[in-house]
$ cat my_file.csv   # CSV, N, CA and C atoms
chain,number,residue,atom,x,y,z
A,22,MET,N,-4.3,4.6,18.3
A,22,MET,CA,-4.4,3.3,17.6
A,22,MET,C,-3.9,3.6,16.2
A,23,LYS,N,-3.0,2.7,15.8
A,23,LYS,CA,-2.3,2.8,14.5
A,23,LYS,C,-3.1,1.9,13.5
A,24,LEU,N,-3.5,2.5,12.4
A,24,LEU,CA,-4.1,1.7,11.3
A,24,LEU,C,-3.2,1.6,10.1
A,25,ILE,N,-3.1,0.4,9.5
A,25,ILE,CA,-2.3,0.2,8.3
A,25,ILE,C,-3.2,-0.1,7.2
A,26,ASN,N,-3.0,0.6,6.0
A,26,ASN,CA,-3.8,0.3,4.8
A,26,ASN,C,-3.3,-1.0,4.2
A,27,ILE,N,-4.3,-1.9,4.0
A,27,ILE,CA,-4.0,-3.2,3.4
A,27,ILE,C,-4.5,-3.3,2.0
A,28,GLY,N,-4.9,-2.1,1.4
A,28,GLY,CA,-5.4,-2.1,0.0
A,28,GLY,C,-6.9,-1.8,-0.1
A,29,PHE,N,-7.3,-1.1,-1.1
A,29,PHE,CA,-8.6,-0.7,-1.4
A,29,PHE,C,-9.3,0.0,-0.3
A,30,GLY,N,-8.5,0.8,0.5
A,30,GLY,CA,-9.1,1.6,1.6
A,30,GLY,C,-9.4,0.8,2.9
A,31,ASN,N,-9.0,-0.5,2.9
A,31,ASN,CA,-9.2,-1.3,4.1
A,31,ASN,C,-8.0,-1.2,5.0
A,32,MET,N,-8.3,-1.2,6.3
A,32,MET,CA,-7.3,-0.9,7.3
A,32,MET,C,-7.3,-2.0,8.4
A,33,VAL,N,-6.2,-2.3,9.0
A,33,VAL,CA,-6.1,-3.2,10.1
A,33,VAL,C,-5.3,-2.5,11.2
A,34,SER,N,-5.5,-2.9,12.4
A,34,SER,CA,-4.8,-2.3,13.5
A,34,SER,C,-3.4,-2.8,13.6
A,35,ALA,N,-2.4,-1.9,13.6
A,35,ALA,CA,-1.0,-2.3,13.7
A,35,ALA,C,-0.7,-2.9,15.0
A,36,ASN,N,-1.4,-2.5,16.0
A,36,ASN,CA,-1.1,-3.1,17.4
A,36,ASN,C,-1.6,-4.5,17.5
A,37,ARG,N,-2.5,-5.0,16.7
A,37,ARG,CA,-3.0,-6.3,16.8
A,37,ARG,C,-2.4,-7.3,15.8
A,38,LEU,N,-1.5,-6.8,15.0
A,38,LEU,CA,-0.9,-7.6,13.9
A,38,LEU,C,0.2,-8.5,14.5
A,39,ILE,N,0.1,-9.8,14.1
A,39,ILE,CA,1.2,-10.7,14.5
A,39,ILE,C,2.1,-11.0,13.4
A,40,ALA,N,1.6,-11.3,12.2
A,40,ALA,CA,2.5,-11.7,11.1
A,40,ALA,C,1.9,-11.3,9.7
A,41,ILE,N,2.7,-11.1,8.8
A,41,ILE,CA,2.4,-10.8,7.4
A,41,ILE,C,3.1,-11.8,6.6
A,42,VAL,N,2.4,-12.8,5.9
A,42,VAL,CA,3.1,-13.9,5.2
A,42,VAL,C,2.5,-14.0,3.8
A,43,SER,N,3.3,-14.7,3.0
A,43,SER,CA,2.8,-15.1,1.7
A,43,SER,C,1.9,-16.3,1.7
A,44,PRO,N,0.9,-16.3,0.8
A,44,PRO,CA,0.0,-17.4,0.8
A,44,PRO,C,0.4,-18.7,0.1
A,45,GLU,N,1.6,-18.8,-0.3
A,45,GLU,CA,2.1,-19.9,-1.2
A,45,GLU,C,2.2,-21.2,-0.5
A,46,SER,N,2.6,-21.3,0.7
A,46,SER,CA,3.0,-22.6,1.3
A,46,SER,C,1.7,-23.3,1.8
A,47,ALA,N,1.9,-24.6,1.9
A,47,ALA,CA,0.8,-25.5,2.3
A,47,ALA,C,0.3,-25.2,3.8
A,48,PRO,N,1.2,-24.9,4.7
A,48,PRO,CA,0.8,-24.6,6.1
A,48,PRO,C,-0.1,-23.3,6.1
A,49,ILE,N,0.3,-22.3,5.3
A,49,ILE,CA,-0.5,-21.0,5.3
A,49,ILE,C,-1.9,-21.3,4.6
A,50,LYS,N,-1.9,-22.1,3.6
A,50,LYS,CA,-3.2,-22.5,3.0
A,50,LYS,C,-4.1,-23.2,4.0
A,51,ARG,N,-3.5,-24.0,4.9
A,51,ARG,CA,-4.3,-24.7,5.9
A,51,ARG,C,-4.8,-23.7,7.0
A,52,ILE,N,-4.0,-22.7,7.3
A,52,ILE,CA,-4.4,-21.6,8.2
A,52,ILE,C,-5.6,-20.9,7.6
A,53,ILE,N,-5.5,-20.6,6.3
A,53,ILE,CA,-6.6,-19.9,5.7
A,53,ILE,C,-7.9,-20.7,5.7
A,54,GLN,N,-7.8,-22.0,5.4
A,54,GLN,CA,-8.9,-22.9,5.4
A,54,GLN,C,-9.5,-23.1,6.8
A,55,ASP,N,-8.7,-23.2,7.8
A,55,ASP,CA,-9.1,-23.3,9.2
A,55,ASP,C,-9.9,-22.1,9.6
A,56,ALA,N,-9.4,-20.9,9.2
A,56,ALA,CA,-10.0,-19.6,9.5
A,56,ALA,C,-11.4,-19.5,8.8
A,57,ARG,N,-11.4,-20.0,7.6
A,57,ARG,CA,-12.7,-20.0,6.8
A,57,ARG,C,-13.7,-20.9,7.5
A,58,ASP,N,-13.3,-22.0,7.9
A,58,ASP,CA,-14.2,-23.0,8.6
A,58,ASP,C,-14.8,-22.5,9.9
A,59,ARG,N,-13.9,-21.7,10.7
A,59,ARG,CA,-14.4,-21.3,12.0
A,59,ARG,C,-15.0,-19.9,11.9
A,60,GLY,N,-15.0,-19.3,10.7
A,60,GLY,CA,-15.7,-18.0,10.5
A,60,GLY,C,-14.9,-16.8,10.9
A,61,SER,N,-13.5,-16.9,10.9
A,61,SER,CA,-12.7,-15.8,11.3
A,61,SER,C,-11.8,-15.3,10.2
A,62,LEU,N,-12.2,-15.6,8.9
A,62,LEU,CA,-11.4,-15.2,7.8
A,62,LEU,C,-12.0,-13.9,7.2
A,63,ILE,N,-11.2,-12.9,7.0
A,63,ILE,CA,-11.6,-11.6,6.4
A,63,ILE,C,-11.0,-11.5,5.1
A,64,ASP,N,-11.8,-11.5,4.0
A,64,ASP,CA,-11.2,-11.4,2.7
A,64,ASP,C,-11.3,-10.0,2.2
A,65,ALA,N,-10.2,-9.3,2.1
A,65,ALA,CA,-10.1,-7.9,1.7
A,65,ALA,C,-9.5,-7.8,0.3
A,66,THR,N,-9.6,-8.8,-0.5
A,66,THR,CA,-8.9,-8.8,-1.8
A,66,THR,C,-9.8,-8.2,-2.9
A,67,TYR,N,-11.1,-8.1,-2.7
A,67,TYR,CA,-12.0,-7.6,-3.7
A,67,TYR,C,-12.0,-8.4,-4.9
A,68,GLY,N,-11.9,-9.7,-4.7
A,68,GLY,CA,-11.9,-10.7,-5.9
A,68,GLY,C,-10.6,-10.8,-6.6
A,69,ARG,N,-9.6,-10.2,-6.1
A,69,ARG,CA,-8.3,-10.3,-6.8
A,69,ARG,C,-7.5,-11.4,-6.1
A,70,ARG,N,-6.3,-11.7,-6.7
A,70,ARG,CA,-5.5,-12.7,-6.2
A,70,ARG,C,-4.9,-12.4,-4.8
A,71,THR,N,-4.9,-13.3,-3.9
A,71,THR,CA,-4.4,-13.1,-2.6
A,71,THR,C,-2.9,-13.1,-2.6
A,72,ARG,N,-2.3,-12.0,-2.2
A,72,ARG,CA,-0.8,-11.9,-2.2
A,72,ARG,C,-0.2,-11.8,-0.8
A,73,ALA,N,-1.0,-11.4,0.2
A,73,ALA,CA,-0.5,-11.4,1.6
A,73,ALA,C,-1.6,-11.9,2.5
A,74,VAL,N,-1.2,-12.6,3.5
A,74,VAL,CA,-2.0,-13.2,4.6
A,74,VAL,C,-1.6,-12.5,5.9
A,75,ILE,N,-2.5,-11.8,6.5
A,75,ILE,CA,-2.2,-11.1,7.7
A,75,ILE,C,-2.9,-11.8,8.9
A,76,ILE,N,-2.0,-12.2,9.8
A,76,ILE,CA,-2.5,-13.0,11.0
A,76,ILE,C,-2.6,-12.0,12.2
A,77,MET,N,-3.8,-11.9,12.8
A,77,MET,CA,-4.0,-11.0,13.9
A,77,MET,C,-4.0,-11.7,15.2
A,78,ASP,N,-3.8,-11.0,16.3
A,78,ASP,CA,-3.8,-11.6,17.6
A,78,ASP,C,-5.1,-12.1,18.1
A,79,SER,N,-6.2,-11.8,17.4
A,79,SER,CA,-7.5,-12.2,17.8
A,79,SER,C,-7.9,-13.5,17.1
A,80,ASP,N,-6.9,-14.2,16.4
A,80,ASP,CA,-7.1,-15.4,15.6
A,80,ASP,C,-7.9,-15.1,14.3
A,81,HIS,N,-8.0,-13.8,13.9
A,81,HIS,CA,-8.6,-13.5,12.6
A,81,HIS,C,-7.5,-13.6,11.6
A,82,VAL,N,-7.8,-14.0,10.4
A,82,VAL,CA,-6.9,-14.1,9.3
A,82,VAL,C,-7.4,-13.1,8.2
A,83,VAL,N,-6.6,-12.2,7.7
A,83,VAL,CA,-7.0,-11.2,6.8
A,83,VAL,C,-6.3,-11.5,5.5
A,84,LEU,N,-7.0,-11.5,4.4
A,84,LEU,CA,-6.4,-11.7,3.0
A,84,LEU,C,-6.3,-10.4,2.4
A,85,SER,N,-5.2,-10.1,1.8
A,85,SER,CA,-4.9,-8.8,1.1
A,85,SER,C,-4.4,-9.1,-0.3
A,86,ALA,N,-4.7,-8.1,-1.2
A,86,ALA,CA,-4.3,-8.3,-2.6
A,86,ALA,C,-3.0,-7.5,-2.9
A,87,ILE,N,-2.4,-7.0,-1.8
A,87,ILE,CA,-1.1,-6.3,-2.0
A,87,ILE,C,0.1,-7.2,-1.4
A,88,GLN,N,1.3,-7.0,-1.9
A,88,GLN,CA,2.4,-7.8,-1.5
A,88,GLN,C,2.7,-7.6,0.0
A,89,PRO,N,3.2,-8.7,0.6
A,89,PRO,CA,3.6,-8.6,2.1
A,89,PRO,C,4.6,-7.5,2.3
A,90,GLU,N,5.6,-7.4,1.4
A,90,GLU,CA,6.6,-6.3,1.5
A,90,GLU,C,6.0,-4.9,1.6
A,91,THR,N,4.9,-4.7,0.8
A,91,THR,CA,4.3,-3.4,0.7
A,91,THR,C,3.6,-3.1,2.1
A,92,VAL,N,2.9,-4.1,2.6
A,92,VAL,CA,2.2,-4.0,3.9
A,92,VAL,C,3.3,-3.7,5.0
A,93,ALA,N,4.4,-4.4,5.0
A,93,ALA,CA,5.5,-4.2,5.9
A,93,ALA,C,6.1,-2.8,5.8
A,94,ASN,N,6.3,-2.4,4.6
A,94,ASN,CA,6.8,-1.0,4.4
A,94,ASN,C,5.8,0.0,4.9
A,95,ARG,N,4.5,-0.2,4.7
A,95,ARG,CA,3.5,0.8,5.2
A,95,ARG,C,3.6,0.8,6.8
A,96,LEU,N,3.8,-0.4,7.3
A,96,LEU,CA,3.9,-0.5,8.8
A,96,LEU,C,5.1,0.3,9.3
A,97,ASN,N,6.3,0.1,8.6
A,97,ASN,CA,7.5,0.7,9.0
A,97,ASN,C,7.4,2.2,8.8
A,98,ASP,N,6.8,2.7,7.7
A,98,ASP,CA,6.7,4.1,7.4
A,98,ASP,C,5.8,4.7,8.5
A,99,HIS,N,4.8,4.0,8.9
A,99,HIS,CA,3.9,4.6,9.9
A,99,HIS,C,4.6,4.7,11.2
A,100,ASP,N,5.5,3.7,11.6
A,100,ASP,CA,6.3,3.8,12.8
A,100,ASP,C,7.3,5.0,12.8
A,101,THR,N,7.9,5.1,11.6
A,101,THR,CA,8.9,6.2,11.4
A,101,THR,C,8.2,7.6,11.6
A,102,ASN,N,7.0,7.7,11.0
A,102,ASN,CA,6.3,9.0,11.1
A,102,ASN,C,5.9,9.3,12.5
A,103,GLU,N,5.5,8.3,13.3
A,103,GLU,CA,5.2,8.5,14.7
A,103,GLU,C,6.4,8.9,15.5
A,104,GLU,N,7.6,8.4,15.2
A,104,GLU,CA,8.8,8.7,15.9
A,104,GLU,C,9.1,10.2,15.7
A,105,ASP,N,8.9,10.6,14.4
A,105,ASP,CA,9.2,12.0,14.0
A,105,ASP,C,8.3,13.0,14.8
A,106,ILE,N,7.0,12.6,15.0
A,106,ILE,CA,6.1,13.4,15.7
A,106,ILE,C,6.4,13.5,17.1
A,107,ASP,N,6.9,12.3,17.7
A,107,ASP,CA,7.3,12.3,19.1
A,107,ASP,C,8.4,13.2,19.4
A,108,GLU,N,9.4,13.3,18.5
A,108,GLU,CA,10.6,14.1,18.7
A,108,GLU,C,10.3,15.6,18.6
A,109,GLU,N,9.2,16.0,17.9
A,109,GLU,CA,8.9,17.4,17.8
A,109,GLU,C,8.3,17.9,19.0

$ encode --input "my_file.csv" --output "structure tokens"
Amino acid sequence: MKLINIGFGNMVSANRLIAIVSPESAPIKRIIQDARDRGSLIDATYGRRTRAVIIMDSDHVVLSAIQPETVANRLNDHDTNEEDIDEE
């Protein structure tokens, strides 16, 4: 199981991740509100500004205080490291 750090020591499963998006647009704000209403919102911002919204395959929505590009880079770095291990 691959875990990706989304800030402040919080991790999400890379295998269950569907999308990493910015919270700026109205449709994403609606997705966040809908998740809050149905109880499937996970706020991992520790009170800071939300910079990335992570949508999981279980219909959970995770809020993160780090940039979407940073989360994506951590995901790509993790995949690269695993490929290096497989080649050895």

$ atom_distance --input "my_file.csv" --atom1 "CA of Ile49 in chain A" --atom2 "atom N of Val33 in chain A"
19.9 Å

$ residues_around --input "my_file.csv" --residues "range 52-68 of chain A" --least-positions-apart "5" --cutoff "7 Å" --atoms "all atoms listed in the file" --output "NGL selection string"
:A and (27-28 or 47 or 80-87)

$ write_last_selection --input "my_file.csv" --atoms "N, CA and C atoms" --output "mmCIF file, in the frame of the given file"
data_model
loop_
_atom_site.group_PDB
_atom_site.id
_atom_site.type_symbol
_atom_site.label_atom_id
_atom_site.label_comp_id
_atom_site.auth_asym_id
_atom_site.auth_seq_id
_atom_site.Cartn_x
_atom_site.Cartn_y
_atom_site.Cartn_z
ATOM 1 N N ILE A 27 -4.300 -1.900 4.000
ATOM 2 C CA ILE A 27 -4.000 -3.200 3.400
ATOM 3 C C ILE A 27 -4.500 -3.300 2.000
ATOM 4 N N GLY A 28 -4.900 -2.100 1.400
ATOM 5 C CA GLY A 28 -5.400 -2.100 0.000
ATOM 6 C C GLY A 28 -6.900 -1.800 -0.100
ATOM 7 N N ALA A 47 1.900 -24.600 1.900
ATOM 8 C CA ALA A 47 0.800 -25.500 2.300
ATOM 9 C C ALA A 47 0.300 -25.200 3.800
ATOM 10 N N ASP A 80 -6.900 -14.200 16.400
ATOM 11 C CA ASP A 80 -7.100 -15.400 15.600
ATOM 12 C C ASP A 80 -7.900 -15.100 14.300
ATOM 13 N N HIS A 81 -8.000 -13.800 13.900
ATOM 14 C CA HIS A 81 -8.600 -13.500 12.600
ATOM 15 C C HIS A 81 -7.500 -13.600 11.600
ATOM 16 N N VAL A 82 -7.800 -14.000 10.400
ATOM 17 C CA VAL A 82 -6.900 -14.100 9.300
ATOM 18 C C VAL A 82 -7.400 -13.100 8.200
ATOM 19 N N VAL A 83 -6.600 -12.200 7.700
ATOM 20 C CA VAL A 83 -7.000 -11.200 6.800
ATOM 21 C C VAL A 83 -6.300 -11.500 5.500
ATOM 22 N N LEU A 84 -7.000 -11.500 4.400
ATOM 23 C CA LEU A 84 -6.400 -11.700 3.000
ATOM 24 C C LEU A 84 -6.300 -10.400 2.400
ATOM 25 N N SER A 85 -5.200 -10.100 1.800
ATOM 26 C CA SER A 85 -4.900 -8.800 1.100
ATOM 27 C C SER A 85 -4.400 -9.100 -0.300
ATOM 28 N N ALA A 86 -4.700 -8.100 -1.200
ATOM 29 C CA ALA A 86 -4.300 -8.300 -2.600
ATOM 30 C C ALA A 86 -3.000 -7.500 -2.900
ATOM 31 N N ILE A 87 -2.400 -7.000 -1.800
ATOM 32 C CA ILE A 87 -1.100 -6.300 -2.000
ATOM 33 C C ILE A 87 0.100 -7.200 -1.400
#

$ select_by_dssp --input "my_file.csv" --residues "range 43-80 of chain A" --states "strand (DSSP E)" --output "PyMOL selection string"
chain A and resi 62-65+73-77

$ select_by_dssp --input "my_file.csv" --residues "chain A" --states "alpha helix (DSSP H)" --output "JSON, numbers by chain"
{"A": [47, 48, 49, 50, 51, 52, 53, 54, 55, 56, 57, 58, 59, 89, 90, 91, 92, 93, 94, 95, 96, 97, 98, 99, 100, 101, 102, 103, 104, 105, 106, 107, 108]}

$ write_last_selection --input "my_file.csv" --atoms "N, CA and C atoms" --output "short mmCIF file (atom, residue, chain, number, x, y, z; two decimals), in the frame of the given file"
data_model
loop_
_atom_site.label_atom_id
_atom_site.label_comp_id
_atom_site.auth_asym_id
_atom_site.auth_seq_id
_atom_site.Cartn_x
_atom_site.Cartn_y
_atom_site.Cartn_z
N ALA A 47 1.90 -24.60 1.90
CA ALA A 47 0.80 -25.50 2.30
C ALA A 47 0.30 -25.20 3.80
N PRO A 48 1.20 -24.90 4.70
CA PRO A 48 0.80 -24.60 6.10
C PRO A 48 -0.10 -23.30 6.10
N ILE A 49 0.30 -22.30 5.30
CA ILE A 49 -0.50 -21.00 5.30
C ILE A 49 -1.90 -21.30 4.60
N LYS A 50 -1.90 -22.10 3.60
CA LYS A 50 -3.20 -22.50 3.00
C LYS A 50 -4.10 -23.20 4.00
N ARG A 51 -3.50 -24.00 4.90
CA ARG A 51 -4.30 -24.70 5.90
C ARG A 51 -4.80 -23.70 7.00
N ILE A 52 -4.00 -22.70 7.30
CA ILE A 52 -4.40 -21.60 8.20
C ILE A 52 -5.60 -20.90 7.60
N ILE A 53 -5.50 -20.60 6.30
CA ILE A 53 -6.60 -19.90 5.70
C ILE A 53 -7.90 -20.70 5.70
N GLN A 54 -7.80 -22.00 5.40
CA GLN A 54 -8.90 -22.90 5.40
C GLN A 54 -9.50 -23.10 6.80
N ASP A 55 -8.70 -23.20 7.80
CA ASP A 55 -9.10 -23.30 9.20
C ASP A 55 -9.90 -22.10 9.60
N ALA A 56 -9.40 -20.90 9.20
CA ALA A 56 -10.00 -19.60 9.50
C ALA A 56 -11.40 -19.50 8.80
N ARG A 57 -11.40 -20.00 7.60
CA ARG A 57 -12.70 -20.00 6.80
C ARG A 57 -13.70 -20.90 7.50
N ASP A 58 -13.30 -22.00 7.90
CA ASP A 58 -14.20 -23.00 8.60
C ASP A 58 -14.80 -22.50 9.90
N ARG A 59 -13.90 -21.70 10.70
CA ARG A 59 -14.40 -21.30 12.00
C ARG A 59 -15.00 -19.90 11.90
N PRO A 89 3.20 -8.70 0.60
CA PRO A 89 3.60 -8.60 2.10
C PRO A 89 4.60 -7.50 2.30
N GLU A 90 5.60 -7.40 1.40
CA GLU A 90 6.60 -6.30 1.50
C GLU A 90 6.00 -4.90 1.60
N THR A 91 4.90 -4.70 0.80
CA THR A 91 4.30 -3.40 0.70
C THR A 91 3.60 -3.10 2.10
N VAL A 92 2.90 -4.10 2.60
CA VAL A 92 2.20 -4.00 3.90
C VAL A 92 3.30 -3.70 5.00
N ALA A 93 4.40 -4.40 5.00
CA ALA A 93 5.50 -4.20 5.90
C ALA A 93 6.10 -2.80 5.80
N ASN A 94 6.30 -2.40 4.60
CA ASN A 94 6.80 -1.00 4.40
C ASN A 94 5.80 0.00 4.90
N ARG A 95 4.50 -0.20 4.70
CA ARG A 95 3.50 0.80 5.20
C ARG A 95 3.60 0.80 6.80
N LEU A 96 3.80 -0.40 7.30
CA LEU A 96 3.90 -0.50 8.80
C LEU A 96 5.10 0.30 9.30
N ASN A 97 6.30 0.10 8.60
CA ASN A 97 7.50 0.70 9.00
C ASN A 97 7.40 2.20 8.80
N ASP A 98 6.80 2.70 7.70
CA ASP A 98 6.70 4.10 7.40
C ASP A 98 5.80 4.70 8.50
N HIS A 99 4.80 4.00 8.90
CA HIS A 99 3.90 4.60 9.90
C HIS A 99 4.60 4.70 11.20
N ASP A 100 5.50 3.70 11.60
CA ASP A 100 6.30 3.80 12.80
C ASP A 100 7.30 5.00 12.80
N THR A 101 7.90 5.10 11.60
CA THR A 101 8.90 6.20 11.40
C THR A 101 8.20 7.60 11.60
N ASN A 102 7.00 7.70 11.00
CA ASN A 102 6.30 9.00 11.10
C ASN A 102 5.90 9.30 12.50
N GLU A 103 5.50 8.30 13.30
CA GLU A 103 5.20 8.50 14.70
C GLU A 103 6.40 8.90 15.50
N GLU A 104 7.60 8.40 15.20
CA GLU A 104 8.80 8.70 15.90
C GLU A 104 9.10 10.20 15.70
N ASP A 105 8.90 10.60 14.40
CA ASP A 105 9.20 12.00 14.00
C ASP A 105 8.30 13.00 14.80
N ILE A 106 7.00 12.60 15.00
CA ILE A 106 6.10 13.40 15.70
C ILE A 106 6.40 13.50 17.10
N ASP A 107 6.90 12.30 17.70
CA ASP A 107 7.30 12.30 19.10
C ASP A 107 8.40 13.20 19.40
N GLU A 108 9.40 13.30 18.50
CA GLU A 108 10.60 14.10 18.70
C GLU A 108 10.30 15.60 18.60
#

$ atom_distance --input "my_file.csv" --atom1 "atom C of Asp78 in chain A" --atom2 "CA of Gly30 in chain A"
21.8 Å

$ atom_distance --input "my_file.csv" --atom1 "atom C of Lys23 in chain A" --atom2 "CA of Ser46 in chain A"
28.0 Å

$ residues_near_point --input "my_file.csv" --point "(-2.9, -13.6, -2.6)" --cutoff "6 Å" --atoms "all atoms listed in the file" --output "PyMOL selection string"
chain A and resi 44+70-73+85-86

$ closest_residue --input "my_file.csv" --among "A:Arg69, A:Val74, A:Ile25, A:Thr91" --to "Ser43 in chain A" --atoms "all atoms listed in the file"
A:Val74

$ build_atoms --input "my_file.csv" --residues "range 46-57 of chain A" --atoms "N, CA, C and O atoms" --output "PDB file, in the frame of the given file"
ATOM      1  N   SER A  46       2.600 -21.300   0.700  1.00  0.00           N
ATOM      2  CA  SER A  46       3.000 -22.600   1.300  1.00  0.00           C
ATOM      3  C   SER A  46       1.700 -23.300   1.800  1.00  0.00           C
ATOM      4  O   SER A  46       0.687 -22.722   2.096  1.00  0.00           O
ATOM      5  N   ALA A  47       1.900 -24.600   1.900  1.00  0.00           N
ATOM      6  CA  ALA A  47       0.800 -25.500   2.300  1.00  0.00           C
ATOM      7  C   ALA A  47       0.300 -25.200   3.800  1.00  0.00           C
ATOM      8  O   ALA A  47      -0.894 -25.120   4.032  1.00  0.00           O
ATOM      9  N   PRO A  48       1.200 -24.900   4.700  1.00  0.00           N
ATOM     10  CA  PRO A  48       0.800 -24.600   6.100  1.00  0.00           C
ATOM     11  C   PRO A  48      -0.100 -23.300   6.100  1.00  0.00           C
ATOM     12  O   PRO A  48      -1.067 -23.216   6.849  1.00  0.00           O
ATOM     13  N   ILE A  49       0.300 -22.300   5.300  1.00  0.00           N
ATOM     14  CA  ILE A  49      -0.500 -21.000   5.300  1.00  0.00           C
ATOM     15  C   ILE A  49      -1.900 -21.300   4.600  1.00  0.00           C
ATOM     16  O   ILE A  49      -2.879 -20.766   5.085  1.00  0.00           O
ATOM     17  N   LYS A  50      -1.900 -22.100   3.600  1.00  0.00           N
ATOM     18  CA  LYS A  50      -3.200 -22.500   3.000  1.00  0.00           C
ATOM     19  C   LYS A  50      -4.100 -23.200   4.000  1.00  0.00           C
ATOM     20  O   LYS A  50      -5.294 -22.978   4.022  1.00  0.00           O
ATOM     21  N   ARG A  51      -3.500 -24.000   4.900  1.00  0.00           N
ATOM     22  CA  ARG A  51      -4.300 -24.700   5.900  1.00  0.00           C
ATOM     23  C   ARG A  51      -4.800 -23.700   7.000  1.00  0.00           C
ATOM     24  O   ARG A  51      -5.925 -23.775   7.409  1.00  0.00           O
ATOM     25  N   ILE A  52      -4.000 -22.700   7.300  1.00  0.00           N
ATOM     26  CA  ILE A  52      -4.400 -21.600   8.200  1.00  0.00           C
ATOM     27  C   ILE A  52      -5.600 -20.900   7.600  1.00  0.00           C
ATOM     28  O   ILE A  52      -6.557 -20.600   8.347  1.00  0.00           O
ATOM     29  N   ILE A  53      -5.500 -20.600   6.300  1.00  0.00           N
ATOM     30  CA  ILE A  53      -6.600 -19.900   5.700  1.00  0.00           C
ATOM     31  C   ILE A  53      -7.900 -20.700   5.700  1.00  0.00           C
ATOM     32  O   ILE A  53      -8.964 -20.229   6.040  1.00  0.00           O
ATOM     33  N   GLN A  54      -7.800 -22.000   5.400  1.00  0.00           N
ATOM     34  CA  GLN A  54      -8.900 -22.900   5.400  1.00  0.00           C
ATOM     35  C   GLN A  54      -9.500 -23.100   6.800  1.00  0.00           C
ATOM     36  O   GLN A  54     -10.750 -23.037   6.933  1.00  0.00           O
ATOM     37  N   ASP A  55      -8.700 -23.200   7.800  1.00  0.00           N
ATOM     38  CA  ASP A  55      -9.100 -23.300   9.200  1.00  0.00           C
ATOM     39  C   ASP A  55      -9.900 -22.100   9.600  1.00  0.00           C
ATOM     40  O   ASP A  55     -10.955 -22.141  10.215  1.00  0.00           O
ATOM     41  N   ALA A  56      -9.400 -20.900   9.200  1.00  0.00           N
ATOM     42  CA  ALA A  56     -10.000 -19.600   9.500  1.00  0.00           C
ATOM     43  C   ALA A  56     -11.400 -19.500   8.800  1.00  0.00           C
ATOM     44  O   ALA A  56     -12.367 -19.061   9.401  1.00  0.00           O
ATOM     45  N   ARG A  57     -11.400 -20.000   7.600  1.00  0.00           N
ATOM     46  CA  ARG A  57     -12.700 -20.000   6.800  1.00  0.00           C
ATOM     47  C   ARG A  57     -13.700 -20.900   7.500  1.00  0.00           C
ATOM     48  O   ARG A  57     -14.883 -20.483   7.651  1.00  0.00           O
TER      49      ARG A  57
END
